[in-house]
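Input: a single structure, listed below in C-alpha cells.
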Amino acid sequence: MAIRTRALRLAAALAAVATATLGLAAAPAQATGGDPLDYVALGDSYSAGSGVLPLDLTAPLLCARSTANYPHVVAKRTGAKLKDVTCGGAQTKDFAGSQYPGVAPQLDAVTADTDLVTLTIGGNDNSTFISAILACGSAGVLSGGKGSPCKDANGDKFTKEIDASTYPALKTALRAVKAKAPRARVGVLGYPWIVPAEADPACFAKMPIATGDVPYLRDLQTHLNKAVQRAASETGATFVDLSAASEGHDACKPLGTRWIEPVLFGTNFVPVHPNALGESGMAEAAIGVLKLG
C-alpha cells in the first residue's frame with residue numbers, strides 16, 4: 001500500500017513536470033552610446049522560471065513565466081531593457097515556429113538592434129528531461145530504490161537522441177539568433193545540476209531515483225550540457241557553465257540551499273525546476289561570464 005501511495009504521488013508530480021515542460025545593485029550595463037542594453041530573453045522553462053511566483057501576467061498562461069526568472073534578475077541588476085519571450089516547454093523549433101496558437105516564434109523578438117540575448121534550451125527536445133525523469137522515477141519506485149533499473153532499460157537511448165537531433169537543432173537555432181542580431185552578445189546557459197554526483201539515501205522520498213540511476217541521470221545531464229556548450233562554441237555564442245556554480249545545490253539539498261525543487265515535497269508548482277534561489281544563481285553566473293556587472 002505504501003508503494004502504491006508513493007507511486008500515485010509520483011505520478012501527480014511527474015504530470016506537473018510534463019505540463020511545464022540578490023546582492024547589491026551593479027552599475028547599469030550599457031550599449032554603445034550609453035543607452036541601456038536592448039536585452040531579449042529566449043528559452044524554455046529554466047529560462048522562464050516556470051514554477052516560481054509571481055507569474056508574469058503579460059505572458060501566455062501556458063508559458064508559466066515568472067517575474068523572478070533569471071532574465072528579470074539580470075535586467076534588474078544591470079538596468080537592461082528586457083523583452084522576455086521565454087516559455088515553459090519550449091524546444092529549439094519554437095524559436096522559428098509558434099509554440100502555441102497565437103504565440104509568435106521567439107526569434108521574432110530579436111532584431112538587428114538587440115545588444116544581448118540569453119537562453120537556456122535543448123532539454124525539451126526529444127522530451128529528454130521529461131522522458132528521463134518519468135522513466136527513472138517510475139523505475140526507482142518499483143525497484144524500491146535498488147540497482148539501476150532506468151539505466152538497464154534505456155542504456156544510451158537518451159544520449160544518442162541528444163547527439164542525433166538535439167545538438168544539430170541547437171546549432172541551427174543559435175545560428176538563427178546570430179543572423180538576426182549579428183552584433184549581440186549571446187549567452188547560452190547550461191542546466192544546473194538536478195541530482196548529486198552520488199546517491200543520497202535520505203533523498204529517495206523526494207527524488208525517488210534508484211541508487212544506480214543517480215549517476216546515470218547526472219551523466220545524461222552532463223552529456224546535454226556538453227552538447228549545448230559545443231553548439232554555442234561553434235556558433236559564436238558564449239556558454240555559461242553552471243556545473244561549478246550549481247554544485248551542492250541539487251534537488252536533494254534542503255530548502256535555502258537547493259536551486260532545483262525535487263519531484264515530491266518541493267515548494268514550486270512545477271517540480272524538478274529551479275526555484276527563485278536557483279534563478280538568481282543562474283543570473284549571477286550569466287552576469288559574471290558575460291561581464292555585464
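The way I read the labels, and the way they are meant: chains A, B, ... in the order of the C-alpha cells, residue 1 as the first residue of every chain, and ligand 1 as the first ligand shown, with later ones counted on from there.
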
Would you give me, as a Markdown table, each residue of segment 50-142 of chain A having an atom within 6 Å of an atom of segment 180-184 of chain A, along with its shortest atom pair and that distance in Å to one decimal, using only C-alpha atoms and sorting by chain and residue number?
```
| residue | atom | partner | partner_atom | distance |
| --- | --- | --- | --- | --- |
| A:Thr111 | CA | A:Ala181 | CA | 5.6 |
| A:Ala112 | CA | A:Ala181 | CA | 4.5 |
| A:Thr114 | CA | A:Ala184 | CA | 5.9 |
| A:Asp115 | CA | A:Ala184 | CA | 4.3 |
| A:Leu116 | CA | A:Ala184 | CA | 5.1 |
```

Residues as selected, N, CA and C atoms, written as a CSV table (one decimal), in the first residue's frame, can you do that?
```
chain,number,residue,atom,x,y,z
A,111,THR,N,16.1,41.5,-32.9
A,111,THR,CA,16.2,42.4,-34.1
A,111,THR,C,17.7,42.8,-34.2
A,112,ALA,N,18.0,43.5,-35.3
A,112,ALA,CA,19.4,43.9,-35.5
A,112,ALA,C,19.9,44.9,-34.4
A,114,THR,N,19.3,44.4,-31.2
A,114,THR,CA,19.4,43.7,-29.9
A,114,THR,C,20.9,43.7,-29.5
A,115,ASP,N,21.2,44.0,-28.3
A,115,ASP,CA,22.5,44.0,-27.8
A,115,ASP,C,22.9,42.8,-27.0
A,116,LEU,N,21.9,42.1,-26.4
A,116,LEU,CA,22.2,41.0,-25.5
A,116,LEU,C,21.0,40.0,-25.7
```

Identify, with DSSP run on backbone atoms, the residues in segment 73-220 of chain A assigned to strand (DSSP E), and express the list as a ChimeraX atom specification. /A:81-84,116-120,185-189

Contacts of Gly155 of chain A at 12 Å (only C-alpha atoms; same-chain gap of 4+ positions) as an MDAnalysis selection string: chainID A and resid 132 135:136 148:151 159:161 213 216:217 219:220

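The closest residue to Thr58 of chain A, picked from A:Arg77, A:Ala197, A:Asp44, A:Thr86 and counting only C-alpha atoms, is A:Thr86.
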
Residue among A:Glu284, A:Leu264, A:Leu170, A:Val214 lying closest to Ser233 of chain A, counting only C-alpha atoms: A:Leu170

Rank nothing, just name the residue among A:Ser127, A:Asp163, A:Ala251, A:Cys87 nearest to Gln99 of chain A, using only C-alpha atoms.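 Nearest candidate to Gln99 of chain A out of A:Ser127, A:Asp163, A:Ala251, A:Cys87: A:Cys87.
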
Excluding Pro208 of chain A and its own-chain neighbours fewer than 5 positions away, which residues fall within 8 Å of it when counting only C-alpha atoms? Please give them as an mmCIF file with C-alpha atoms, in the first residue's frame.
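Produced file around_15.cif, reproduced below:
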```cif
data_model
loop_
_atom_site.group_PDB
_atom_site.id
_atom_site.type_symbol
_atom_site.label_atom_id
_atom_site.label_comp_id
_atom_site.auth_asym_id
_atom_site.auth_seq_id
_atom_site.Cartn_x
_atom_site.Cartn_y
_atom_site.Cartn_z
ATOM 1 C CA GLY A 137 11.333 7.997 -11.241
ATOM 2 C CA SER A 138 8.886 5.228 -12.065
ATOM 3 C CA GLY A 140 13.006 3.861 -8.864
ATOM 4 C CA VAL A 141 9.688 3.446 -7.070
ATOM 5 C CA GLY A 145 15.461 2.413 -4.889
ATOM 6 C CA CYS A 203 16.762 11.933 -0.712
ATOM 7 C CA VAL A 263 9.815 15.704 -7.604
#
```

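The two atoms in question, atom CA of Asp38 of chain A and atom CA of Asp113 of chain A, are spaced 7.1 Å apart.
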
Determine the nearest neighbour of Ser143 of chain A from the options A:Thr172, A:Ser98, A:Thr211, A:Gln91, counting only C-alpha atoms. A:Thr211

For Thr267 of chain A: contacts at 12 Å, only C-alpha atoms, fewer than 6 positions along chain excluded, given as a list in words: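 In the requested form, the answer reads Ala13, Gly51, Val52, Leu53, Lys206, Ala251, Pro254, Leu255, Gly256, Arg258, Trp259, Ile260, Glu261, His273, Pro274, Asn275, Ala276 and Leu277 of chain A.
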
What does the structure give for the distance between atom CA of Lys157 of chain A and atom CA of Ile121 of chain A, in Å to one decimal?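 Taking atom CA of Lys157 of chain A as the start and atom CA of Ile121 of chain A as the end point, the length is 19.7 Å.
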
Mind checking which residues fall within 9 Å of Glu198 of chain A, counting only C-alpha atoms, ignoring those fewer than 2 positions away in the same chain, and posting them as a PyMOL selection string? chain A and resi 195-196+200+211-212+214-215+218

Go ahead and save the picked residues with C-alpha atoms, as a PDB file, in the first residue's frame.
```
ATOM      1  CA  VAL A 195      20.831  15.346  -8.824  1.00  0.00           C
ATOM      2  CA  PRO A 196      24.062  14.991  -6.851  1.00  0.00           C
ATOM      3  CA  ASP A 200      21.836  10.152  -1.111  1.00  0.00           C
ATOM      4  CA  THR A 211      20.826   4.341  -6.285  1.00  0.00           C
ATOM      5  CA  GLY A 212      22.496   3.267  -9.512  1.00  0.00           C
ATOM      6  CA  VAL A 214      21.511   8.814  -9.845  1.00  0.00           C
ATOM      7  CA  PRO A 215      24.907   8.844 -11.624  1.00  0.00           C
ATOM      8  CA  ARG A 218      23.900  13.014 -13.782  1.00  0.00           C
TER       9      ARG A 218
END
```

Long-range neighbours of Val40 of chain A as a PyMOL selection string, 10 Å cut-off, only C-alpha atoms, 6 positions minimum in chain: chain A and resi 71+75+80-86+106-107+109-111+114-119+184+186

I'd like to know which of A:Met282, A:Val272, A:Ala59, A:Leu37 is closest to Gly102 of chain A, using only C-alpha atoms.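 Closest to Gly102 of chain A, using only C-alpha atoms: A:Ala59.
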
Would you please give, as an MDAnalysis selection string, all residues of segment 57-280 of chain A that DSSP assigns to helix (DSSP H, G or I) based on the backbone? chainID A and resid 61:63 70:78 92:95 106:109 125:143 149:154 157:180 201:203 213:234 276:280
